[in-house]
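To keep things clear, I will list the structure first and then write my remarks on it.
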Amino acid sequence: MLLEREARLLDQGRFEEWLGLFSAECLYWVPATPAGGDPRREVAVAFDDRRRLEDRIYRLRTGSAWSQTPASRTVRMVTNVEVFGNRMVRANFLISEFRAGETRPWSGWYGYRLKTDALQIEVKQVNLIDCDQNLRNPSIVL
Amino acid sequence: MNISTFSELVFEDRVHRSIYTDPAIFEIEMTRVFGAVWVYLAHESQIPGNDDFVAARLGLRPLIVLRDMHGRIRALYNRCAHRGARICREARGSARSFQCPYHGWTYLNTGKLRGVPWPEGYACDFKDAKFNLAQLPRVESYRGFVFGTLNPDAPALKDYLGLVAKPIDEWLDRHPGGKVAVREANRLKFKGNWKLAYDNAADGYHVLFSHRSLLEMENRLQDEATKGMSFYMGKPDEAPMYVKVFSNGHHFKDKRPNVEKRPGALWELEAAHPGMEHYEQLIRSKLKEKAPRALDLAASEPVNINVFPNLSILGNHIQVIEPLAVDETDTTWYATAVVDEADELGGAADEVNALRMRTQEAFPSFGEVDDAVNFEEIQRGLAACEDEWVYMHRGLGIPGRVLEQPDGSLKAPATDEVFMREHMKEWKRLMSSQPRVSVTRDPQAT
């Protein structure tokens, strides 16, 4: 339920409500290496704490983020959901993004760590299958 | 294509749209630019030990850049001498030899053919050099930056760099030991010509407009805009920052004069980053009054050092521009880390680097994406074929604006476009010449 809602909020551009699904101290991590890498030693595609997620959303709302002006149209599929214990969730994803005359895919798997009451996301790790490749306009929230 | 064509495409104030859109011009560039001059290939920290290799490209040619078994840096063509398949399919690794997965021909990492299966089935002499891998005849490294060229007549790398070597030296020398190590990258791609990225490399005119959302984002927690490149606000051409233009298409945007000359001033320009407070506190408690100098190493150095045709050293990044097609380009923003072998940072190098990774993620994620979209929009706009000219005349014709320096370089205010006029002149010169380009197959020759 949480995963579907999260996907729908992003598809609908309701970024502030999406951020409301995350705990006060949270992490949105998109590694640049297939094995994850060590973010203390390497850059990631994204390694956002809550404040940086707020930055990300703030930028998208300025109206001058040209990489998302106009905003992409997206539809997210979240499938193959597996739950490990009471906090860890794994799922596959396929995001279709339409922008400037083309529809293109973003594919990978998500690793979530939820707060113990399972109502909020503490960590969302986005593992793109092409995380170490040159990405064209990676400006949507994955 | 006629050599005199290029003098009809590049004028003092403008260039013709076709230099960005014509596949025939792109094909010529792949030899007369990405072949005839020194092209940046890799950083030595990507191949630290003997037998280490990393995949690279020279124009469209697939290369294996490696440190051979004797420690010599080579750029081999990743192309089996037999039928042409790539012999190495990995992005990086370590190998003393390479075996082609098709028919098993094997090569030492010096490029020499080691052997083929069932050689008795061949009448030829496999000691003939024509069966060795092709490789670049000239590969040289400048303080860790590995360049290669196919032109046996090219000047020494140091001479090709000329005056741009000094800003590179200064960029390196602010670090302990005068060195950095590459650590992963933010990798981007845009559907546009590679020159659109190089045209932007010293551009001060676009900052407030293309990066408006970044500037707003970086300053959202402040009352006054002081973070990031906010010094472009107001009157940027009257600010202490400047652009310098050297020969061979190189240039240098120096924003350091905008920053107060005291330890910690650079760090103060950084907006909030993940983990900032925690790591800053660790560094301050370890280093005390020496902390500000260390924190400045985690901050973005306010320079853009551009080496024609494909290298831009900016902030703490090594950006590599790679053409894939006339309308497709990869720009890879390699992040760098401090390498503190002599422990000049009092045990705080790891903390400095943890901060430095976060500061480096910011511009590719929140700044470059907007530039890249603008490059793509140029490529779309240039499809309008009767609308021929692309203007680069900002600052041209204003007396006293571009000043020739004693060392022969040109100096101009921060938003001037003299830098692109000069690199286009160099581009025109290269495209109108007929350089000798060749590979070598002799491992001893390079």
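We name chains A, B, ... following the order of the structure tokens; residues begin at 1 in each chain, and ligands are numbered from 1 as shown.
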Exercise for the section: Residues of chain B near chain A: apply a cut-off of 7 Å, count only C-alpha atoms, and supply the list as a ChimeraX atom specification. Expected result: /B:183-190,212-214,217,273-274,330,335,353-354,357-358,361,369-370,373
Using N, CA and C atoms, can you write the selected residues to a file as a PDB file, in the first residue's frame?
ATOM      1  N   ARG B 183      37.294   9.291  -7.868  1.00  0.00           N
ATOM      2  CA  ARG B 183      36.414   8.401  -7.099  1.00  0.00           C
ATOM      3  C   ARG B 183      35.024   8.401  -7.720  1.00  0.00           C
ATOM      4  N   GLU B 184      34.761   7.492  -8.636  1.00  0.00           N
ATOM      5  CA  GLU B 184      33.423   7.437  -9.236  1.00  0.00           C
ATOM      6  C   GLU B 184      33.076   8.756  -9.917  1.00  0.00           C
ATOM      7  N   ALA B 185      31.887   8.827 -10.475  1.00  0.00           N
ATOM      8  CA  ALA B 185      31.512  10.003 -11.266  1.00  0.00           C
ATOM      9  C   ALA B 185      30.006  10.166 -11.307  1.00  0.00           C
ATOM     10  N   ASN B 186      29.586  11.411 -11.559  1.00  0.00           N
ATOM     11  CA  ASN B 186      28.203  11.659 -11.988  1.00  0.00           C
ATOM     12  C   ASN B 186      28.262  11.693 -13.513  1.00  0.00           C
ATOM     13  N   ARG B 187      27.567  10.762 -14.125  1.00  0.00           N
ATOM     14  CA  ARG B 187      27.684  10.569 -15.566  1.00  0.00           C
ATOM     15  C   ARG B 187      26.418  11.027 -16.263  1.00  0.00           C
ATOM     16  N   LEU B 188      26.598  11.970 -17.184  1.00  0.00           N
ATOM     17  CA  LEU B 188      25.441  12.538 -17.882  1.00  0.00           C
ATOM     18  C   LEU B 188      25.591  12.358 -19.383  1.00  0.00           C
ATOM     19  N   LYS B 189      24.491  12.524 -20.067  1.00  0.00           N
ATOM     20  CA  LYS B 189      24.473  12.402 -21.526  1.00  0.00           C
ATOM     21  C   LYS B 189      23.498  13.450 -22.033  1.00  0.00           C
ATOM     22  N   PHE B 190      23.784  14.065 -23.164  1.00  0.00           N
ATOM     23  CA  PHE B 190      22.780  14.936 -23.779  1.00  0.00           C
ATOM     24  C   PHE B 190      22.762  14.706 -25.278  1.00  0.00           C
ATOM     25  N   ARG B 212      19.384  29.485 -12.535  1.00  0.00           N
ATOM     26  CA  ARG B 212      18.554  30.267 -11.609  1.00  0.00           C
ATOM     27  C   ARG B 212      17.991  29.381 -10.489  1.00  0.00           C
ATOM     28  N   SER B 213      17.522  28.202 -10.851  1.00  0.00           N
ATOM     29  CA  SER B 213      16.901  27.344  -9.830  1.00  0.00           C
ATOM     30  C   SER B 213      17.948  26.826  -8.841  1.00  0.00           C
ATOM     31  N   LEU B 214      19.174  26.621  -9.312  1.00  0.00           N
ATOM     32  CA  LEU B 214      20.245  26.172  -8.414  1.00  0.00           C
ATOM     33  C   LEU B 214      20.591  27.275  -7.416  1.00  0.00           C
ATOM     34  N   MET B 217      17.882  27.499  -4.913  1.00  0.00           N
ATOM     35  CA  MET B 217      17.932  26.339  -4.019  1.00  0.00           C
ATOM     36  C   MET B 217      19.038  26.494  -2.982  1.00  0.00           C
ATOM     37  N   HIS B 273      24.797  20.616   2.881  1.00  0.00           N
ATOM     38  CA  HIS B 273      24.951  19.312   2.242  1.00  0.00           C
ATOM     39  C   HIS B 273      24.654  18.227   3.262  1.00  0.00           C
ATOM     40  N   PRO B 274      24.262  17.023   2.804  1.00  0.00           N
ATOM     41  CA  PRO B 274      24.005  15.935   3.745  1.00  0.00           C
ATOM     42  C   PRO B 274      25.240  15.627   4.587  1.00  0.00           C
ATOM     43  N   ASP B 330      28.477  12.422 -24.288  1.00  0.00           N
ATOM     44  CA  ASP B 330      28.528  12.075 -22.872  1.00  0.00           C
ATOM     45  C   ASP B 330      29.392  13.106 -22.154  1.00  0.00           C
ATOM     46  N   ALA B 335      34.431  12.672  -9.809  1.00  0.00           N
ATOM     47  CA  ALA B 335      34.688  13.294  -8.510  1.00  0.00           C
ATOM     48  C   ALA B 335      36.107  12.953  -8.093  1.00  0.00           C
ATOM     49  N   ASN B 353      37.036  14.020   2.778  1.00  0.00           N
ATOM     50  CA  ASN B 353      36.539  13.397   1.548  1.00  0.00           C
ATOM     51  C   ASN B 353      35.054  13.067   1.627  1.00  0.00           C
ATOM     52  N   ALA B 354      34.572  12.662   2.799  1.00  0.00           N
ATOM     53  CA  ALA B 354      33.139  12.371   2.932  1.00  0.00           C
ATOM     54  C   ALA B 354      32.333  13.625   2.605  1.00  0.00           C
ATOM     55  N   MET B 357      32.569  14.504  -1.221  1.00  0.00           N
ATOM     56  CA  MET B 357      31.699  13.747  -2.124  1.00  0.00           C
ATOM     57  C   MET B 357      30.325  14.410  -2.204  1.00  0.00           C
ATOM     58  N   ARG B 358      29.825  14.871  -1.076  1.00  0.00           N
ATOM     59  CA  ARG B 358      28.496  15.485  -1.090  1.00  0.00           C
ATOM     60  C   ARG B 358      28.511  16.837  -1.802  1.00  0.00           C
ATOM     61  N   GLU B 361      28.413  16.248  -5.561  1.00  0.00           N
ATOM     62  CA  GLU B 361      27.174  15.745  -6.166  1.00  0.00           C
ATOM     63  C   GLU B 361      26.241  16.881  -6.579  1.00  0.00           C
ATOM     64  N   VAL B 369      22.221  19.582 -15.183  1.00  0.00           N
ATOM     65  CA  VAL B 369      21.034  19.050 -15.876  1.00  0.00           C
ATOM     66  C   VAL B 369      20.309  20.164 -16.640  1.00  0.00           C
ATOM     67  N   ASP B 370      20.288  21.372 -16.072  1.00  0.00           N
ATOM     68  CA  ASP B 370      19.614  22.472 -16.761  1.00  0.00           C
ATOM     69  C   ASP B 370      20.418  22.947 -17.968  1.00  0.00           C
ATOM     70  N   VAL B 373      19.930  20.359 -20.811  1.00  0.00           N
ATOM     71  CA  VAL B 373      18.650  20.529 -21.501  1.00  0.00           C
ATOM     72  C   VAL B 373      18.731  21.717 -22.452  1.00  0.00           C
TER      73      VAL B 373
END
Practice task
Select from stretch 13-174 of chain B everything DSSP, run on the backbone, classes as alpha helix (DSSP H), then give the selection as a list of chain:residue names.
Solution key: B:Ser18, B:Ile19, B:Tyr20, B:Thr21, B:Pro23, B:Ala24, B:Ile25, B:Phe26, B:Glu27, B:Ile28, B:Glu29, B:Met30, B:Thr31, B:Arg32, B:Leu157, B:Lys158, B:Asp159, B:Tyr160, B:Leu161, B:Ala165, B:Lys166, B:Pro167, B:Ile168, B:Asp169, B:Glu170, B:Trp171, B:Leu172, B:Asp173
How would the residues just picked look written out with N, CA and C atoms as a PDB file, in the first residue's frame?
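Final output, saved to out_13.pdb:
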ATOM      1  N   SER B  18      25.869  24.576 -39.104  1.00  0.00           N
ATOM      2  CA  SER B  18      26.211  23.229 -39.571  1.00  0.00           C
ATOM      3  C   SER B  18      27.393  22.616 -38.831  1.00  0.00           C
ATOM      4  N   ILE B  19      28.200  23.461 -38.165  1.00  0.00           N
ATOM      5  CA  ILE B  19      29.321  22.839 -37.443  1.00  0.00           C
ATOM      6  C   ILE B  19      28.806  22.011 -36.272  1.00  0.00           C
ATOM      7  N   TYR B  20      27.556  22.246 -35.875  1.00  0.00           N
ATOM      8  CA  TYR B  20      26.941  21.456 -34.795  1.00  0.00           C
ATOM      9  C   TYR B  20      26.030  20.350 -35.335  1.00  0.00           C
ATOM     10  N   THR B  21      25.608  20.448 -36.597  1.00  0.00           N
ATOM     11  CA  THR B  21      24.556  19.548 -37.082  1.00  0.00           C
ATOM     12  C   THR B  21      24.985  18.619 -38.214  1.00  0.00           C
ATOM     13  N   PRO B  23      26.743  15.725 -40.036  1.00  0.00           N
ATOM     14  CA  PRO B  23      27.499  14.501 -39.731  1.00  0.00           C
ATOM     15  C   PRO B  23      28.827  14.414 -40.499  1.00  0.00           C
ATOM     16  N   ALA B  24      28.898  15.038 -41.681  1.00  0.00           N
ATOM     17  CA  ALA B  24      30.153  15.002 -42.448  1.00  0.00           C
ATOM     18  C   ALA B  24      31.238  15.800 -41.734  1.00  0.00           C
ATOM     19  N   ILE B  25      30.856  16.909 -41.109  1.00  0.00           N
ATOM     20  CA  ILE B  25      31.823  17.697 -40.340  1.00  0.00           C
ATOM     21  C   ILE B  25      32.240  16.917 -39.097  1.00  0.00           C
ATOM     22  N   PHE B  26      31.279  16.270 -38.448  1.00  0.00           N
ATOM     23  CA  PHE B  26      31.586  15.455 -37.260  1.00  0.00           C
ATOM     24  C   PHE B  26      32.626  14.386 -37.600  1.00  0.00           C
ATOM     25  N   GLU B  27      32.445  13.749 -38.767  1.00  0.00           N
ATOM     26  CA  GLU B  27      33.370  12.678 -39.136  1.00  0.00           C
ATOM     27  C   GLU B  27      34.786  13.219 -39.317  1.00  0.00           C
ATOM     28  N   ILE B  28      34.896  14.396 -39.897  1.00  0.00           N
ATOM     29  CA  ILE B  28      36.223  15.000 -40.069  1.00  0.00           C
ATOM     30  C   ILE B  28      36.822  15.371 -38.713  1.00  0.00           C
ATOM     31  N   GLU B  29      35.980  15.862 -37.800  1.00  0.00           N
ATOM     32  CA  GLU B  29      36.459  16.191 -36.448  1.00  0.00           C
ATOM     33  C   GLU B  29      37.089  14.986 -35.770  1.00  0.00           C
ATOM     34  N   MET B  30      36.547  13.796 -36.061  1.00  0.00           N
ATOM     35  CA  MET B  30      37.033  12.605 -35.368  1.00  0.00           C
ATOM     36  C   MET B  30      38.487  12.297 -35.731  1.00  0.00           C
ATOM     37  N   THR B  31      38.975  12.889 -36.812  1.00  0.00           N
ATOM     38  CA  THR B  31      40.389  12.751 -37.154  1.00  0.00           C
ATOM     39  C   THR B  31      41.145  14.043 -36.885  1.00  0.00           C
ATOM     40  N   ARG B  32      40.618  15.159 -37.386  1.00  0.00           N
ATOM     41  CA  ARG B  32      41.412  16.394 -37.322  1.00  0.00           C
ATOM     42  C   ARG B  32      41.393  17.063 -35.957  1.00  0.00           C
ATOM     43  N   LEU B 157      53.393  17.142 -24.769  1.00  0.00           N
ATOM     44  CA  LEU B 157      52.151  17.496 -24.079  1.00  0.00           C
ATOM     45  C   LEU B 157      52.290  18.800 -23.316  1.00  0.00           C
ATOM     46  N   LYS B 158      53.411  18.970 -22.633  1.00  0.00           N
ATOM     47  CA  LYS B 158      53.610  20.183 -21.841  1.00  0.00           C
ATOM     48  C   LYS B 158      53.539  21.428 -22.723  1.00  0.00           C
ATOM     49  N   ASP B 159      54.058  21.301 -23.947  1.00  0.00           N
ATOM     50  CA  ASP B 159      54.018  22.433 -24.877  1.00  0.00           C
ATOM     51  C   ASP B 159      52.604  22.652 -25.401  1.00  0.00           C
ATOM     52  N   TYR B 160      51.859  21.561 -25.614  1.00  0.00           N
ATOM     53  CA  TYR B 160      50.463  21.702 -26.047  1.00  0.00           C
ATOM     54  C   TYR B 160      49.636  22.398 -24.966  1.00  0.00           C
ATOM     55  N   LEU B 161      49.882  22.034 -23.724  1.00  0.00           N
ATOM     56  CA  LEU B 161      49.154  22.675 -22.631  1.00  0.00           C
ATOM     57  C   LEU B 161      49.528  24.143 -22.527  1.00  0.00           C
ATOM     58  N   ALA B 165      48.796  25.012 -18.141  1.00  0.00           N
ATOM     59  CA  ALA B 165      49.408  24.145 -17.122  1.00  0.00           C
ATOM     60  C   ALA B 165      49.469  24.830 -15.758  1.00  0.00           C
ATOM     61  N   LYS B 166      49.618  26.142 -15.765  1.00  0.00           N
ATOM     62  CA  LYS B 166      49.759  26.842 -14.470  1.00  0.00           C
ATOM     63  C   LYS B 166      48.483  26.747 -13.626  1.00  0.00           C
ATOM     64  N   PRO B 167      47.293  27.061 -14.173  1.00  0.00           N
ATOM     65  CA  PRO B 167      46.088  26.847 -13.351  1.00  0.00           C
ATOM     66  C   PRO B 167      45.899  25.390 -12.938  1.00  0.00           C
ATOM     67  N   ILE B 168      46.327  24.436 -13.804  1.00  0.00           N
ATOM     68  CA  ILE B 168      46.237  23.034 -13.419  1.00  0.00           C
ATOM     69  C   ILE B 168      47.149  22.773 -12.225  1.00  0.00           C
ATOM     70  N   ASP B 169      48.363  23.319 -12.271  1.00  0.00           N
ATOM     71  CA  ASP B 169      49.299  23.181 -11.149  1.00  0.00           C
ATOM     72  C   ASP B 169      48.686  23.742  -9.872  1.00  0.00           C
ATOM     73  N   GLU B 170      48.094  24.927  -9.963  1.00  0.00           N
ATOM     74  CA  GLU B 170      47.520  25.561  -8.768  1.00  0.00           C
ATOM     75  C   GLU B 170      46.359  24.733  -8.223  1.00  0.00           C
ATOM     76  N   TRP B 171      45.552  24.172  -9.150  1.00  0.00           N
ATOM     77  CA  TRP B 171      44.412  23.345  -8.728  1.00  0.00           C
ATOM     78  C   TRP B 171      44.889  22.118  -7.983  1.00  0.00           C
ATOM     79  N   LEU B 172      45.965  21.483  -8.509  1.00  0.00           N
ATOM     80  CA  LEU B 172      46.519  20.298  -7.846  1.00  0.00           C
ATOM     81  C   LEU B 172      47.190  20.679  -6.537  1.00  0.00           C
ATOM     82  N   ASP B 173      47.937  21.787  -6.544  1.00  0.00           N
ATOM     83  CA  ASP B 173      48.793  22.111  -5.397  1.00  0.00           C
ATOM     84  C   ASP B 173      48.033  22.609  -4.189  1.00  0.00           C
TER      85      ASP B 173
END
Practice task
Have a look at A:Phe93, A:Trp109, A:Phe84, A:Phe15 and name the one nearest to A:Pro34; count only C-alpha atoms.
Solution key: A:Trp109
Handout entry: Selection: 12 Å around B:Thr331, only C-alpha atoms, excl. self and same-chain fewer than 2 positions, as a ChimeraX atom specification
Key = /A:133-137 /B:185-198,201,310-312,317-324,328-329,333-334,364,368-369,371-372,375
Practice task
For stretch 45-60 of chain B, list every protein, DNA or RNA residue within 9 Å, evaluated using only C-alpha atoms, and leave out those in the same chain fewer than 5 positions away; present the list as a ChimeraX atom specification.
Solution key: /B:29-31,33-35,39-40,65-73,75,78,88-97,109,144,148-149,180-183,322-325
Handout entry: All residues 12 Å or closer to stretch 10-13 of chain A, only C-alpha atoms, same chain fewer than 3 positions away omitted, as a PyMOL selection string
Key = chain A and resi 3-7+16-21+57+60-61+68+70-77+95-98+140-142
Handout entry: Separation of atom CA of B:Glu351 from atom CA of B:Ser285, in Å and rounded to one decimal
Key = 11.6 Å
Exercise for the section: Taking the chain letters and numbering used in this document, name the residues of stretch 217-385 of chain B that DSSP puts in strand (DSSP E or B), as a PyMOL selection string. Expected result: chain B and resi 242-245+251-254+303-307+311-314+317-325+328-338
Practice task
Name the closest residue to B:Ile313 among the candidates B:Arg429, B:His206, B:Arg83, B:His251; distances are taken between atoms, counting only C-alpha atoms.
Solution key: B:His251
Problem - For atom CA of A:Gln120 and atom CA of A:Arg90, the interatomic separation in Å (one decimal) - result: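 Taking atom CA of A:Gln120 and atom CA of A:Arg90, their separation equals 15.0 Å.
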Within 9 Å of B:Met276 using only C-alpha atoms, minus same-chain residues under 4 positions, as a compact mmCIF listing (two decimals) with N, CA and C atoms, in the first residue's frame:
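For reference, result-v7.txt as written:
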# COMPACT_ATOMS: atom_id res chain seq x y z
N ALA B 272 24.08 24.03 2.25
CA ALA B 272 23.96 22.88 3.14
C ALA B 272 24.07 21.58 2.35
N GLU B 280 31.74 18.31 9.76
CA GLU B 280 32.44 19.56 10.09
C GLU B 280 32.87 19.55 11.56
N GLN B 281 31.98 19.06 12.39
CA GLN B 281 32.30 19.01 13.82
C GLN B 281 33.48 18.06 14.09
N LEU B 355 32.80 14.78 3.12
CA LEU B 355 32.13 16.05 2.81
C LEU B 355 32.30 16.38 1.33
N ARG B 358 29.83 14.87 -1.08
CA ARG B 358 28.50 15.49 -1.09
C ARG B 358 28.51 16.84 -1.80
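Atom pair atom CA of A:Leu9 / atom CA of B:His211: separated by 26.9 Å.
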